[in-house]
Amino acid sequence: VRIKALWALGCFGKQAIGPSGVEILLKAAEKDSEDRVRASAVIAMQHLGHEVIGATGMNLLFKLAQKEESIVRTRATLALLAFGPEAIQAAGVAILTKIADKDPDERLRVHMLVALGCLDSKALGPSGVDILIRTAEKDPSEVCRTNAVESLSRHGPEAMGEAGVSALMRVAEKDKEPATRRAALLTLQRFGAKVLGSGGLELYDRIAQQDSEESLRNAALAALGVFGAEA
């Protein structure tokens, strides 16, 4: 019953719910004894939007995203994600990057890594880019490494710098998972031959001729064809 009531509050909208309704949602999200009820309250907060729940609601979501060890944390994180960088501001982006970097829940980390790729590079900032680079090269999870590579492709070489491009080259050649290596090859291909330089072109040539994975050899050959057309 409590879950249905909270869902209804979330669907009423700003004008119908009023300050007292928002207060009920926030109290349920923070203090209800059941995680499912608290998660439902957070979902309702997301439906209402950051302008309706106000600074108090946003601060509560920040708290839940960092300290909860349940579905409540996941829902709070996804709510912040839905609100976007302008709403959560720099402090919120920092929380999301921390989750992407260190959270024990792999699925949640993947959500965050994808989200970091959707932010503009200015909102993400150098520290966020560094987390993506480190995750792409060193994370124990293949899924996280691959998603970090794909997010880096959206930010481009300008945000990554030479060190980031070099890290992707290492991933393309040395990662143990073909899917992650392929993602790195495709990302570097998008950056273009001028960014890669002679070392990058040699990497593609080496993979095209010597790699044991046929799919990677084909990807490298295709990229060399694109690079040749650019020249």
# chains A, B, ... in the order shown; residues from 1 in each chain; ligands from 1
$ residues_around --residues "Glu158 in chain A" --least-positions-apart "2" --cutoff "12 Å" --atoms "only C-alpha atoms" --output "ChimeraX atom specification"
/A:121-122,126,129,152-156,160-165,191,195
$ write_last_selection --atoms "all heavy atoms" --output "CSV table (one decimal), in the first residue's frame"
chain,number,residue,atom,x,y,z
A,121,SER,N,32.7,17.2,-21.9
A,121,SER,CA,34.0,17.1,-21.2
A,121,SER,C,34.2,18.1,-20.2
A,121,SER,O,34.9,17.9,-19.2
A,121,SER,CB,35.1,17.2,-22.3
A,121,SER,OG,35.0,16.1,-23.2
A,122,LYS,N,33.7,19.3,-20.3
A,122,LYS,CA,33.8,20.4,-19.3
A,122,LYS,C,33.2,19.9,-18.0
A,122,LYS,O,33.7,20.1,-16.9
A,122,LYS,CB,33.2,21.7,-19.8
A,122,LYS,CG,33.4,22.8,-18.8
A,122,LYS,CD,32.9,24.1,-19.4
A,122,LYS,CE,33.1,25.3,-18.4
A,122,LYS,NZ,32.5,26.6,-19.0
A,126,PRO,N,38.9,17.0,-15.8
A,126,PRO,CA,40.1,16.2,-15.9
A,126,PRO,C,40.1,15.0,-15.0
A,126,PRO,O,40.5,13.9,-15.4
A,126,PRO,CB,41.2,17.1,-15.6
A,126,PRO,CG,40.7,18.5,-15.9
A,126,PRO,CD,39.2,18.4,-15.5
A,129,VAL,N,37.9,12.3,-16.5
A,129,VAL,CA,38.5,11.7,-17.7
A,129,VAL,C,39.6,10.7,-17.2
A,129,VAL,O,39.8,9.6,-17.7
A,129,VAL,CB,39.2,12.8,-18.6
A,129,VAL,CG1,40.0,12.1,-19.7
A,129,VAL,CG2,38.1,13.6,-19.2
A,152,LEU,N,35.2,7.1,-23.4
A,152,LEU,CA,36.3,7.9,-23.8
A,152,LEU,C,36.2,8.3,-25.3
A,152,LEU,O,36.6,9.4,-25.6
A,152,LEU,CB,37.6,7.2,-23.6
A,152,LEU,CG,38.1,7.1,-22.1
A,152,LEU,CD1,39.3,6.1,-22.0
A,152,LEU,CD2,38.5,8.5,-21.6
A,153,SER,N,35.6,7.4,-26.1
A,153,SER,CA,35.5,7.7,-27.5
A,153,SER,C,34.6,8.9,-27.7
A,153,SER,O,34.8,9.7,-28.7
A,153,SER,CB,35.0,6.5,-28.3
A,153,SER,OG,33.6,6.3,-28.0
A,154,ARG,N,33.7,9.2,-26.8
A,154,ARG,CA,32.8,10.3,-26.9
A,154,ARG,C,33.4,11.6,-26.5
A,154,ARG,O,32.9,12.7,-26.9
A,154,ARG,CB,31.5,10.0,-26.1
A,154,ARG,CG,30.8,8.8,-26.5
A,154,ARG,CD,29.4,8.6,-25.8
A,154,ARG,NE,28.8,7.3,-26.1
A,154,ARG,CZ,28.9,6.3,-25.3
A,154,ARG,NH1,29.5,6.3,-24.2
A,154,ARG,NH2,28.3,5.1,-25.7
A,155,HIS,N,34.5,11.5,-25.7
A,155,HIS,CA,35.1,12.8,-25.2
A,155,HIS,C,36.3,13.2,-26.2
A,155,HIS,O,36.6,14.4,-26.3
A,155,HIS,CB,35.6,12.6,-23.8
A,155,HIS,CG,34.5,12.5,-22.8
A,155,HIS,ND1,33.9,13.7,-22.4
A,155,HIS,CD2,34.0,11.5,-22.1
A,155,HIS,CE1,32.9,13.3,-21.5
A,155,HIS,NE2,33.0,12.0,-21.3
A,156,GLY,N,36.9,12.2,-26.8
A,156,GLY,CA,37.8,12.6,-27.8
A,156,GLY,C,39.2,12.8,-27.3
A,156,GLY,O,39.5,12.9,-26.1
A,160,MET,N,41.4,13.7,-23.5
A,160,MET,CA,42.2,12.6,-23.0
A,160,MET,C,43.7,13.0,-22.9
A,160,MET,O,44.4,12.6,-22.0
A,160,MET,CB,42.1,11.4,-23.9
A,160,MET,CG,40.7,10.8,-23.8
A,160,MET,SD,40.6,9.4,-25.0
A,160,MET,CE,42.0,8.4,-24.5
A,161,GLY,N,44.2,13.8,-23.9
A,161,GLY,CA,45.6,14.1,-23.9
A,161,GLY,C,46.4,12.9,-24.5
A,161,GLY,O,45.9,11.8,-24.7
A,162,GLU,N,47.7,13.2,-24.6
A,162,GLU,CA,48.6,12.1,-25.1
A,162,GLU,C,48.6,10.9,-24.2
A,162,GLU,O,48.7,9.8,-24.7
A,162,GLU,CB,50.0,12.7,-25.3
A,162,GLU,CG,50.1,13.7,-26.4
A,162,GLU,CD,51.5,14.2,-26.7
A,162,GLU,OE1,52.4,13.6,-26.0
A,162,GLU,OE2,51.7,15.2,-27.4
A,163,ALA,N,48.6,11.1,-22.9
A,163,ALA,CA,48.7,10.0,-22.0
A,163,ALA,C,47.5,9.1,-22.2
A,163,ALA,O,47.6,7.8,-22.1
A,163,ALA,CB,48.8,10.5,-20.6
A,164,GLY,N,46.3,9.7,-22.3
A,164,GLY,CA,45.1,8.9,-22.5
A,164,GLY,C,45.1,8.1,-23.8
A,164,GLY,O,44.7,6.9,-23.8
A,165,VAL,N,45.6,8.7,-24.9
A,165,VAL,CA,45.7,8.0,-26.2
A,165,VAL,C,46.7,6.9,-26.1
A,165,VAL,O,46.4,5.8,-26.6
A,165,VAL,CB,46.1,9.0,-27.3
A,165,VAL,CG1,46.3,8.3,-28.6
A,165,VAL,CG2,45.0,10.1,-27.5
A,191,PHE,N,39.7,8.7,-33.7
A,191,PHE,CA,40.6,9.8,-33.4
A,191,PHE,C,41.4,10.2,-34.7
A,191,PHE,O,41.8,11.4,-34.8
A,191,PHE,CB,41.5,9.5,-32.3
A,191,PHE,CG,40.8,9.3,-31.0
A,191,PHE,CD1,41.5,8.8,-29.9
A,191,PHE,CD2,39.5,9.6,-30.8
A,191,PHE,CE1,40.9,8.7,-28.6
A,191,PHE,CE2,38.9,9.5,-29.6
A,191,PHE,CZ,39.6,9.0,-28.5
A,195,VAL,N,46.3,11.9,-34.9
A,195,VAL,CA,46.4,11.8,-33.5
A,195,VAL,C,47.2,10.6,-33.1
A,195,VAL,O,48.0,10.7,-32.1
A,195,VAL,CB,44.9,11.7,-32.9
A,195,VAL,CG1,45.0,11.4,-31.4
A,195,VAL,CG2,44.1,13.0,-33.1
$ residues_around --residues "Leu81 in chain A" --least-positions-apart "4" --cutoff "8 Å" --atoms "only C-alpha atoms" --output "PDB file with C-alpha atoms, in the first residue's frame"
ATOM      1  CA  THR A  77      22.183   7.278  -8.241  1.00  0.00           C
ATOM      2  CA  PRO A  85      25.036  17.781 -14.693  1.00  0.00           C
ATOM      3  CA  LEU A  96      28.948   9.903  -9.807  1.00  0.00           C
ATOM      4  CA  ALA A 115      26.704   8.254 -18.067  1.00  0.00           C
TER       5      ALA A 115
END
$ closest_residue --among "A:Ala159, A:Val22, A:Ala100, A:Arg107" --to "His47 in chain A" --atoms "only C-alpha atoms"
A:Val22
$ residues_around --residues "Ala90 in chain A" --least-positions-apart "5" --cutoff "9 Å" --atoms "only C-alpha atoms" --output "MDAnalysis selection string"
chainID A and resid 85 95 123:124
$ write_last_selection --atoms "C-alpha atoms" --output "PDB file, in the first residue's frame"
ATOM      1  CA  PRO A  85      25.036  17.781 -14.693  1.00  0.00           C
ATOM      2  CA  ILE A  95      29.856  11.678  -6.565  1.00  0.00           C
ATOM      3  CA  ALA A 123      31.255  18.951 -16.882  1.00  0.00           C
ATOM      4  CA  LEU A 124      33.215  15.714 -16.501  1.00  0.00           C
TER       5      LEU A 124
END
$ residues_around --residues "Gln189 in chain A" --least-positions-apart "4" --cutoff "10 Å" --atoms "only C-alpha atoms" --output "list in words"
Ser153, Ala183, Ala184, Leu185, Ala193, Val195, Leu196, Gly200, Leu201, Tyr204, Ala219, Ala220, Ala222, Ala223, Leu224, Val226 and Phe227 of chain A
$ atom_distance --atom1 "CA of Ile71 in chain A" --atom2 "CA of Ala39 in chain A"
6.5 Å
$ atom_distance --atom1 "CA of Leu25 in chain A" --atom2 "CA of Ala41 in chain A"
5.4 Å
$ residues_around --residues "range 138-148 of chain A" --least-positions-apart "5" --cutoff "8 Å" --atoms "only C-alpha atoms" --output "JSON, numbers by chain"
{"A": [106, 109, 110, 113, 114, 117, 132, 133, 177, 179, 180, 183, 184]}
$ atom_distance --atom1 "CA of Thr187 in chain A" --atom2 "CA of Lys98 in chain A"
23.9 Å
$ decode --residues "range 125-137 of chain A" --atoms "all heavy atoms" --output "compact mmCIF listing (two decimals), in the first residue's frame"
# COMPACT_ATOMS: atom_id res chain seq x y z
N GLY A 125 35.25 17.01 -16.45
CA GLY A 125 36.49 17.51 -15.86
C GLY A 125 37.65 16.53 -16.00
O GLY A 125 37.45 15.35 -16.27
N PRO A 126 38.87 17.03 -15.79
CA PRO A 126 40.06 16.18 -15.94
C PRO A 126 40.06 14.96 -15.02
O PRO A 126 40.50 13.88 -15.42
CB PRO A 126 41.21 17.13 -15.59
CG PRO A 126 40.68 18.49 -15.87
CD PRO A 126 39.23 18.43 -15.53
N SER A 127 39.57 15.12 -13.79
CA SER A 127 39.58 13.98 -12.87
C SER A 127 38.65 12.88 -13.34
O SER A 127 38.96 11.69 -13.20
CB SER A 127 39.19 14.43 -11.46
OG SER A 127 37.87 14.96 -11.44
N GLY A 128 37.52 13.25 -13.92
CA GLY A 128 36.60 12.25 -14.47
C GLY A 128 37.19 11.53 -15.66
O GLY A 128 37.04 10.31 -15.81
N VAL A 129 37.88 12.28 -16.52
CA VAL A 129 38.55 11.67 -17.67
C VAL A 129 39.62 10.70 -17.19
O VAL A 129 39.76 9.60 -17.73
CB VAL A 129 39.16 12.75 -18.60
CG1 VAL A 129 40.00 12.10 -19.69
CG2 VAL A 129 38.06 13.60 -19.21
N ASP A 130 40.36 11.10 -16.17
CA ASP A 130 41.40 10.21 -15.62
C ASP A 130 40.81 8.91 -15.09
O ASP A 130 41.41 7.84 -15.25
CB ASP A 130 42.16 10.93 -14.50
CG ASP A 130 43.08 12.04 -15.01
OD1 ASP A 130 43.36 12.05 -16.23
OD2 ASP A 130 43.51 12.87 -14.20
N ILE A 131 39.63 8.99 -14.46
CA ILE A 131 38.98 7.77 -13.97
C ILE A 131 38.61 6.86 -15.14
O ILE A 131 38.79 5.64 -15.07
CB ILE A 131 37.74 8.14 -13.13
CG1 ILE A 131 38.18 8.68 -11.77
CG2 ILE A 131 36.82 6.93 -12.95
CD1 ILE A 131 37.05 9.24 -10.93
N LEU A 132 38.09 7.44 -16.21
CA LEU A 132 37.76 6.63 -17.38
C LEU A 132 39.00 5.96 -17.96
O LEU A 132 38.97 4.79 -18.33
CB LEU A 132 37.08 7.50 -18.44
CG LEU A 132 35.65 7.95 -18.16
CD1 LEU A 132 35.16 8.87 -19.27
CD2 LEU A 132 34.72 6.76 -18.00
N ILE A 133 40.09 6.69 -18.03
CA ILE A 133 41.33 6.14 -18.58
C ILE A 133 41.84 5.01 -17.69
O ILE A 133 42.20 3.93 -18.18
CB ILE A 133 42.40 7.25 -18.72
CG1 ILE A 133 41.98 8.26 -19.79
CG2 ILE A 133 43.76 6.63 -19.07
CD1 ILE A 133 42.86 9.50 -19.83
N ARG A 134 41.85 5.24 -16.39
CA ARG A 134 42.33 4.21 -15.47
C ARG A 134 41.44 2.97 -15.51
O ARG A 134 41.93 1.83 -15.49
CB ARG A 134 42.39 4.78 -14.05
CG ARG A 134 42.98 3.81 -13.03
CD ARG A 134 43.28 4.48 -11.72
NE ARG A 134 42.10 4.91 -11.01
CZ ARG A 134 41.76 6.19 -10.81
NH1 ARG A 134 42.53 7.16 -11.28
NH2 ARG A 134 40.68 6.51 -10.13
N THR A 135 40.14 3.18 -15.58
CA THR A 135 39.21 2.05 -15.65
C THR A 135 39.42 1.27 -16.94
O THR A 135 39.42 0.03 -16.93
CB THR A 135 37.76 2.55 -15.57
OG1 THR A 135 37.57 3.27 -14.34
CG2 THR A 135 36.78 1.38 -15.61
N ALA A 136 39.59 1.97 -18.04
CA ALA A 136 39.77 1.31 -19.33
C ALA A 136 41.01 0.42 -19.35
O ALA A 136 41.00 -0.65 -19.95
CB ALA A 136 39.88 2.37 -20.43
N GLU A 137 42.04 0.84 -18.64
CA GLU A 137 43.30 0.10 -18.71
C GLU A 137 43.47 -0.92 -17.59
O GLU A 137 44.08 -1.99 -17.80
CB GLU A 137 44.47 1.08 -18.67
CG GLU A 137 45.82 0.42 -18.97
CD GLU A 137 46.94 1.42 -19.14
OE1 GLU A 137 46.80 2.59 -18.73
OE2 GLU A 137 47.97 1.02 -19.71
